[in-house]
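For reference, entry03.cif is printed below; it contains mmCIF, C-alpha atoms.
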```
data_final
#
loop_
_atom_site.label_atom_id
_atom_site.label_comp_id
_atom_site.auth_asym_id
_atom_site.auth_seq_id
_atom_site.Cartn_x
_atom_site.Cartn_y
_atom_site.Cartn_z
CA MET A 1 -2.38 -14.40 -20.78
CA ALA A 2 -1.19 -11.02 -19.55
CA ASN A 3 -0.39 -10.60 -15.88
CA ARG A 4 0.89 -7.95 -13.56
CA PHE A 5 4.48 -9.18 -13.93
CA ASP A 6 4.65 -8.99 -17.74
CA GLY A 7 6.93 -5.95 -17.62
CA GLU A 8 9.30 -7.67 -15.22
CA ARG A 9 10.05 -10.91 -17.04
CA VAL A 10 13.59 -9.74 -17.84
CA ARG A 11 14.56 -10.18 -14.21
CA SER A 12 14.11 -13.03 -11.78
CA LEU A 13 11.49 -12.57 -9.08
CA SER A 14 12.55 -13.45 -5.57
CA ARG A 15 10.74 -15.91 -3.36
CA ASP A 16 9.44 -12.96 -1.31
CA GLU A 17 7.98 -11.29 -4.41
CA VAL A 18 6.30 -14.50 -5.50
CA LEU A 19 4.96 -15.00 -1.98
CA ALA A 20 3.63 -11.44 -1.93
CA GLU A 21 1.74 -12.09 -5.18
CA CYS A 22 0.32 -15.35 -3.85
CA ARG A 23 -0.77 -13.62 -0.64
CA ARG A 24 -2.41 -10.86 -2.67
CA ARG A 25 -4.43 -13.36 -4.67
CA LEU A 26 -5.52 -15.18 -1.53
CA VAL A 27 -6.36 -12.09 0.49
CA GLN A 28 -8.20 -10.27 -2.31
CA GLY A 29 -10.20 -13.34 -3.28
CA ALA A 30 -8.68 -14.02 -6.71
CA TRP A 31 -8.02 -17.52 -5.37
CA ARG A 32 -11.23 -18.88 -3.83
CA PRO A 33 -11.68 -21.86 -1.51
CA GLY A 34 -11.44 -25.05 -3.55
CA ASP A 35 -9.41 -23.52 -6.38
CA VAL A 36 -6.41 -25.56 -7.53
CA VAL A 37 -2.98 -23.97 -7.94
CA GLN A 38 -0.26 -25.88 -9.78
CA GLU A 39 3.41 -25.02 -9.43
CA LYS A 40 4.22 -25.34 -13.13
CA ILE A 41 1.30 -23.21 -14.34
CA LEU A 42 1.87 -20.51 -11.72
CA ALA A 43 5.61 -20.42 -12.45
CA GLU A 44 4.91 -19.94 -16.16
CA GLU A 45 2.34 -17.26 -15.43
CA LEU A 46 4.77 -15.30 -13.26
CA GLY A 47 7.75 -15.94 -15.50
CA VAL A 48 9.85 -17.64 -12.82
CA SER A 49 11.28 -21.05 -12.07
CA LYS A 50 9.27 -23.49 -9.96
CA THR A 51 11.60 -23.06 -6.98
CA PRO A 52 10.31 -19.71 -5.62
CA VAL A 53 6.74 -20.82 -6.39
CA ARG A 54 7.23 -24.05 -4.47
CA GLU A 55 8.76 -22.19 -1.52
CA ALA A 56 5.89 -19.69 -1.45
CA LEU A 57 3.25 -22.43 -1.59
CA GLN A 58 5.04 -24.40 1.12
CA TYR A 59 4.90 -21.33 3.36
CA LEU A 60 1.19 -20.88 2.64
CA THR A 61 0.71 -24.55 3.50
CA PHE A 62 2.47 -23.97 6.82
CA VAL A 63 0.09 -21.11 7.74
CA GLY A 64 -2.95 -23.12 6.66
CA MET A 65 -4.08 -21.16 3.60
CA VAL A 66 -3.50 -23.95 1.07
CA LYS A 67 -3.37 -27.74 1.22
CA PRO A 68 -1.02 -29.86 -0.92
CA TYR A 69 -2.40 -32.84 -2.83
CA SER A 70 -0.22 -35.21 -4.83
CA ARG A 71 -0.92 -35.23 -8.58
CA ILE A 72 -3.31 -32.28 -8.20
CA GLY A 73 -1.30 -29.41 -6.79
CA TYR A 74 -2.33 -27.08 -4.01
CA VAL A 75 -5.98 -26.54 -3.11
CA ILE A 76 -7.06 -23.25 -1.55
CA SER A 77 -8.26 -23.98 1.97
CA PRO A 78 -11.89 -23.40 2.93
CA ILE A 79 -12.80 -20.71 5.43
CA GLU A 80 -14.40 -22.45 8.40
CA LEU A 81 -16.17 -21.06 11.46
CA GLN A 82 -13.46 -22.53 13.69
CA ASP A 83 -10.78 -20.79 11.61
CA ILE A 84 -12.32 -17.40 12.35
CA ILE A 85 -12.71 -18.22 16.04
CA GLU A 86 -9.05 -19.24 16.32
CA VAL A 87 -7.77 -16.27 14.30
CA PHE A 88 -9.48 -13.84 16.65
CA GLN A 89 -8.43 -15.75 19.76
CA PHE A 90 -4.81 -15.25 18.72
CA ARG A 91 -5.39 -11.71 17.50
CA THR A 92 -6.89 -10.77 20.86
CA LEU A 93 -3.92 -12.21 22.73
CA ILE A 94 -1.37 -10.45 20.54
CA GLU A 95 -3.16 -7.12 20.14
CA ASP A 96 -3.97 -6.95 23.85
CA ASP A 97 -0.22 -6.68 24.43
CA LEU A 98 0.59 -4.53 21.41
CA ILE A 99 -2.08 -1.88 21.97
CA GLN A 100 -0.94 -1.32 25.56
CA THR A 101 2.65 -1.03 24.36
CA VAL A 102 1.59 1.51 21.72
CA ALA A 103 -0.35 3.58 24.25
CA ALA A 104 2.70 3.73 26.50
CA LEU A 105 5.01 5.16 23.82
CA PRO A 106 5.71 8.81 24.69
CA ASP A 107 5.98 10.11 21.13
CA MET A 108 3.62 7.74 19.40
CA THR A 109 2.13 9.02 16.16
CA VAL A 110 -1.15 7.22 15.61
CA PRO A 111 -2.67 6.67 12.17
CA ALA A 112 -5.34 9.02 10.92
CA GLY A 113 -8.90 7.88 10.50
CA GLN A 114 -10.03 5.84 7.52
CA SER A 115 -9.65 7.52 4.14
CA GLU A 116 -12.88 7.60 2.17
CA GLU A 117 -10.89 6.69 -0.94
CA MET A 118 -9.51 3.51 0.63
CA PRO A 119 -11.59 0.32 0.34
CA ALA A 120 -13.14 -0.60 3.69
CA ILE A 121 -11.37 -3.95 4.00
CA THR A 122 -7.99 -2.45 3.14
CA ALA A 123 -8.57 0.35 5.64
CA GLU A 124 -9.45 -2.13 8.38
CA ILE A 125 -6.30 -4.18 7.88
CA GLU A 126 -3.98 -1.21 7.35
CA PHE A 127 -5.24 0.44 10.53
CA HIS A 128 -3.94 -2.44 12.64
CA ARG A 129 -0.74 -2.83 10.63
CA THR A 130 0.10 0.88 10.90
CA LEU A 131 -0.92 1.16 14.54
CA TYR A 132 1.74 -1.34 15.63
CA ALA A 133 4.44 -0.39 13.12
CA ARG A 134 6.76 1.13 15.74
CA VAL A 135 6.44 -1.63 18.31
CA ALA A 136 9.72 -3.56 18.52
CA LYS A 137 8.26 -7.03 18.97
CA PRO A 138 9.13 -8.81 15.72
CA ARG A 139 7.78 -12.25 16.65
CA MET A 140 4.40 -10.80 17.57
CA ALA A 141 4.42 -8.64 14.45
CA SER A 142 5.20 -11.64 12.24
CA SER A 143 2.41 -13.70 13.79
CA LEU A 144 -0.03 -10.82 13.51
CA GLU A 145 0.77 -10.36 9.82
CA VAL A 146 -0.39 -13.91 9.11
CA LEU A 147 -3.55 -13.34 11.15
CA LEU A 148 -4.28 -10.09 9.32
CA ASP A 149 -3.97 -11.91 5.99
CA GLN A 150 -6.43 -14.52 7.21
CA THR A 151 -8.78 -11.81 8.45
CA ALA A 152 -8.65 -9.95 5.14
CA ARG A 153 -9.30 -13.17 3.26
CA ALA A 154 -12.37 -13.86 5.42
CA LEU A 155 -13.62 -10.30 4.94
CA ASN A 156 -13.29 -10.53 1.16
CA TYR A 157 -14.97 -13.93 1.15
CA THR A 158 -17.95 -12.96 3.31
CA GLN A 159 -18.38 -9.43 1.93
CA LEU A 160 -19.87 -7.75 5.01
CA ASP A 161 -22.26 -4.96 4.07
CA ASP A 162 -20.99 -1.38 3.81
CA GLU A 163 -22.97 -0.09 6.79
CA LEU A 164 -21.50 -2.73 9.07
CA MET A 165 -17.98 -2.04 7.82
CA ARG A 166 -18.48 1.69 8.49
CA SER A 167 -19.65 0.87 12.01
CA ILE A 168 -16.54 -1.23 12.58
CA ALA A 169 -14.33 1.51 11.13
CA HIS A 170 -15.78 4.10 13.52
CA GLU A 171 -14.40 2.03 16.39
CA HIS A 172 -10.93 2.98 15.19
CA GLU A 173 -11.57 6.54 16.34
CA ALA A 174 -12.10 5.51 19.97
CA ILE A 175 -8.91 3.45 19.87
CA ILE A 176 -6.94 6.33 18.36
CA LEU A 177 -8.21 8.76 20.99
CA ALA A 178 -7.26 6.45 23.86
CA VAL A 179 -3.77 5.94 22.40
CA ARG A 180 -3.27 9.69 21.96
CA HIS A 181 -4.12 10.15 25.64
CA HIS A 182 -1.75 7.29 26.56
CA ASP A 183 -4.63 5.52 28.30
CA ALA A 184 -3.53 1.91 27.91
CA PRO A 185 -6.46 0.28 29.79
CA LEU A 186 -9.00 2.23 27.74
CA ALA A 187 -7.19 1.51 24.47
CA ARG A 188 -7.14 -2.17 25.37
CA ALA A 189 -10.86 -2.13 26.21
CA HIS A 190 -11.78 -0.43 22.93
CA MET A 191 -9.60 -2.86 20.96
CA THR A 192 -11.25 -5.84 22.66
CA VAL A 193 -14.70 -4.54 21.72
CA HIS A 194 -13.55 -3.85 18.16
CA LEU A 195 -12.09 -7.33 17.61
CA ARG A 196 -15.14 -9.00 19.16
CA HIS A 197 -17.46 -6.99 16.90
CA LEU A 198 -15.48 -7.92 13.81
CA ARG A 199 -15.28 -11.60 14.81
CA ASP A 200 -19.00 -11.87 15.55
CA SER A 201 -19.89 -10.13 12.28
CA LEU A 202 -17.75 -12.55 10.28
CA LEU A 203 -19.17 -15.58 12.09
CA SER A 204 -22.73 -14.40 11.55
CA LYS A 205 -22.21 -13.80 7.82
CA LEU A 206 -20.37 -17.09 7.32
CA ARG A 207 -23.15 -19.01 9.10
CA GLN A 208 -25.66 -17.31 6.81
CA GLN A 209 -23.66 -18.30 3.73
CA LEU A 210 -23.41 -21.89 4.94
CA ARG A 211 -27.19 -22.06 5.45
CA GLU A 212 -27.80 -20.65 1.97
CA THR A 213 -25.42 -23.19 0.44
CA LYS A 214 -27.22 -26.07 2.17
CA ASN A 215 -30.58 -24.79 0.94
CA ILE A 216 -29.29 -24.72 -2.64
CA LEU A 217 -28.01 -28.28 -2.32
#
```
Please rewrite the model in this file as structure tokens.
Amino acid sequence: MANRFDGERVRSLSRDEVLAECRRRLVQGAWRPGDVVQEKILAEELGVSKTPVREALQYLTFVGMVKPYSRIGYVISPIELQDIIEVFQFRTLIEDDLIQTVAALPDMTVPAGQSEEMPAITAEIEFHRTLYARVAKPRMASSLEVLLDQTARALNYTQLDDELMRSIAHEHEAIILAVRHHDAPLARAHMTVHLRHLRDSLLSKLRQQLRETKNIL
């Protein structure tokens, strides 16, 4: 079976490259909750040894995106209501600090508004990633990256409607304006509203999906 690495089989992929591909599959929904991933099969598919695959899957186990099962492999973790609640609790704590730091930077260049050519989910995640790119707080940035992956995975899984995603995207403009005026309290307030809106939208859609699943069963 052809895959995106076919042209690169002549060289060995690093653990980071394998991890990036695994993250892409998780975040974009190619791997769905309940899917089974086996080291040997994935290594053959990517044209690498099992070592970088094992290391990547162990990392994804650590951050809670997969669960290891003996004799089966790794099972893609479900997306639970409590997962979303916790992700946004931590995002709020981290981004509360980061957005105020960004607003205080004297020569901060803030990202432009959402490109119409960019998918809504990608635009949402990239907005936050780009906004904090110049903040020198690597531990916070590393933690936020995991949380953004989990957010993107939930967004792809729930598939919020386009109108709602546009409404959420418009909140970026208020955040950008506050940052450009170096108004840290206002930027923080707008970010809090934005994260709460996104969290509540995800929880509402996931509850709806859970009800529909129960009705089918």
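When you apply the PyMOL selection byres ((chain A and resi 125-137) around 7) to this structure, what comes back is Leu98, Val102, Val110, Pro111, Ile121, Thr122, Ala123, Glu124, Pro138, Arg139, Met140, Ala141, Leu148 and Ala152 of chain A.
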Give me, as a VMD selection string, all polymer residues having an atom no more than 12 Å from Leu26 of chain A, counting only C-alpha atoms and skipping those fewer than 3 positions away in the same chain. chain A and resid 19 to 23 29 to 35 37 57 60 64 to 66 75 to 79 146 149 to 157
Can you spell out as a VMD selection string the set of residues that the PyMOL selection byres ((chain A and resi 170) around 12) selects in the structure I just provided? chain A and resid 112 to 115 120 123 to 124 127 163 to 169 171 to 177 190 to 191 193 to 194 197
How would the residues just chosen look if you wrote them out with C-alpha atoms as a PDB file, in the coordinates of the input?
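again-v1.pdb was written with the following content:
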```
ATOM      1  CA  ALA A 112      -5.340   9.020  10.920  1.00  0.00           C
ATOM      2  CA  GLY A 113      -8.900   7.880  10.500  1.00  0.00           C
ATOM      3  CA  GLN A 114     -10.030   5.840   7.520  1.00  0.00           C
ATOM      4  CA  SER A 115      -9.650   7.520   4.140  1.00  0.00           C
ATOM      5  CA  ALA A 120     -13.140  -0.600   3.690  1.00  0.00           C
ATOM      6  CA  ALA A 123      -8.570   0.350   5.640  1.00  0.00           C
ATOM      7  CA  GLU A 124      -9.450  -2.130   8.380  1.00  0.00           C
ATOM      8  CA  PHE A 127      -5.240   0.440  10.530  1.00  0.00           C
ATOM      9  CA  GLU A 163     -22.970  -0.090   6.790  1.00  0.00           C
ATOM     10  CA  LEU A 164     -21.500  -2.730   9.070  1.00  0.00           C
ATOM     11  CA  MET A 165     -17.980  -2.040   7.820  1.00  0.00           C
ATOM     12  CA  ARG A 166     -18.480   1.690   8.490  1.00  0.00           C
ATOM     13  CA  SER A 167     -19.650   0.870  12.010  1.00  0.00           C
ATOM     14  CA  ILE A 168     -16.540  -1.230  12.580  1.00  0.00           C
ATOM     15  CA  ALA A 169     -14.330   1.510  11.130  1.00  0.00           C
ATOM     16  CA  GLU A 171     -14.400   2.030  16.390  1.00  0.00           C
ATOM     17  CA  HIS A 172     -10.930   2.980  15.190  1.00  0.00           C
ATOM     18  CA  GLU A 173     -11.570   6.540  16.340  1.00  0.00           C
ATOM     19  CA  ALA A 174     -12.100   5.510  19.970  1.00  0.00           C
ATOM     20  CA  ILE A 175      -8.910   3.450  19.870  1.00  0.00           C
ATOM     21  CA  ILE A 176      -6.940   6.330  18.360  1.00  0.00           C
ATOM     22  CA  LEU A 177      -8.210   8.760  20.990  1.00  0.00           C
ATOM     23  CA  HIS A 190     -11.780  -0.430  22.930  1.00  0.00           C
ATOM     24  CA  MET A 191      -9.600  -2.860  20.960  1.00  0.00           C
ATOM     25  CA  VAL A 193     -14.700  -4.540  21.720  1.00  0.00           C
ATOM     26  CA  HIS A 194     -13.550  -3.850  18.160  1.00  0.00           C
ATOM     27  CA  HIS A 197     -17.460  -6.990  16.900  1.00  0.00           C
TER      28      HIS A 197
END
```
Nearest-residue call for Arg180 of chain A, choices A:Ile41, A:Ala103, A:Val18, A:Ile72, using all atoms listed in the file: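 So, comparing all the options, the nearest one is A:Ala103.
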List, as a PyMOL selection string, every residue that the PyMOL selection byres ((chain A and resi 87) around 9) selects in the file provided. chain A and resi 82-86+88-92+147-148+150-151+199
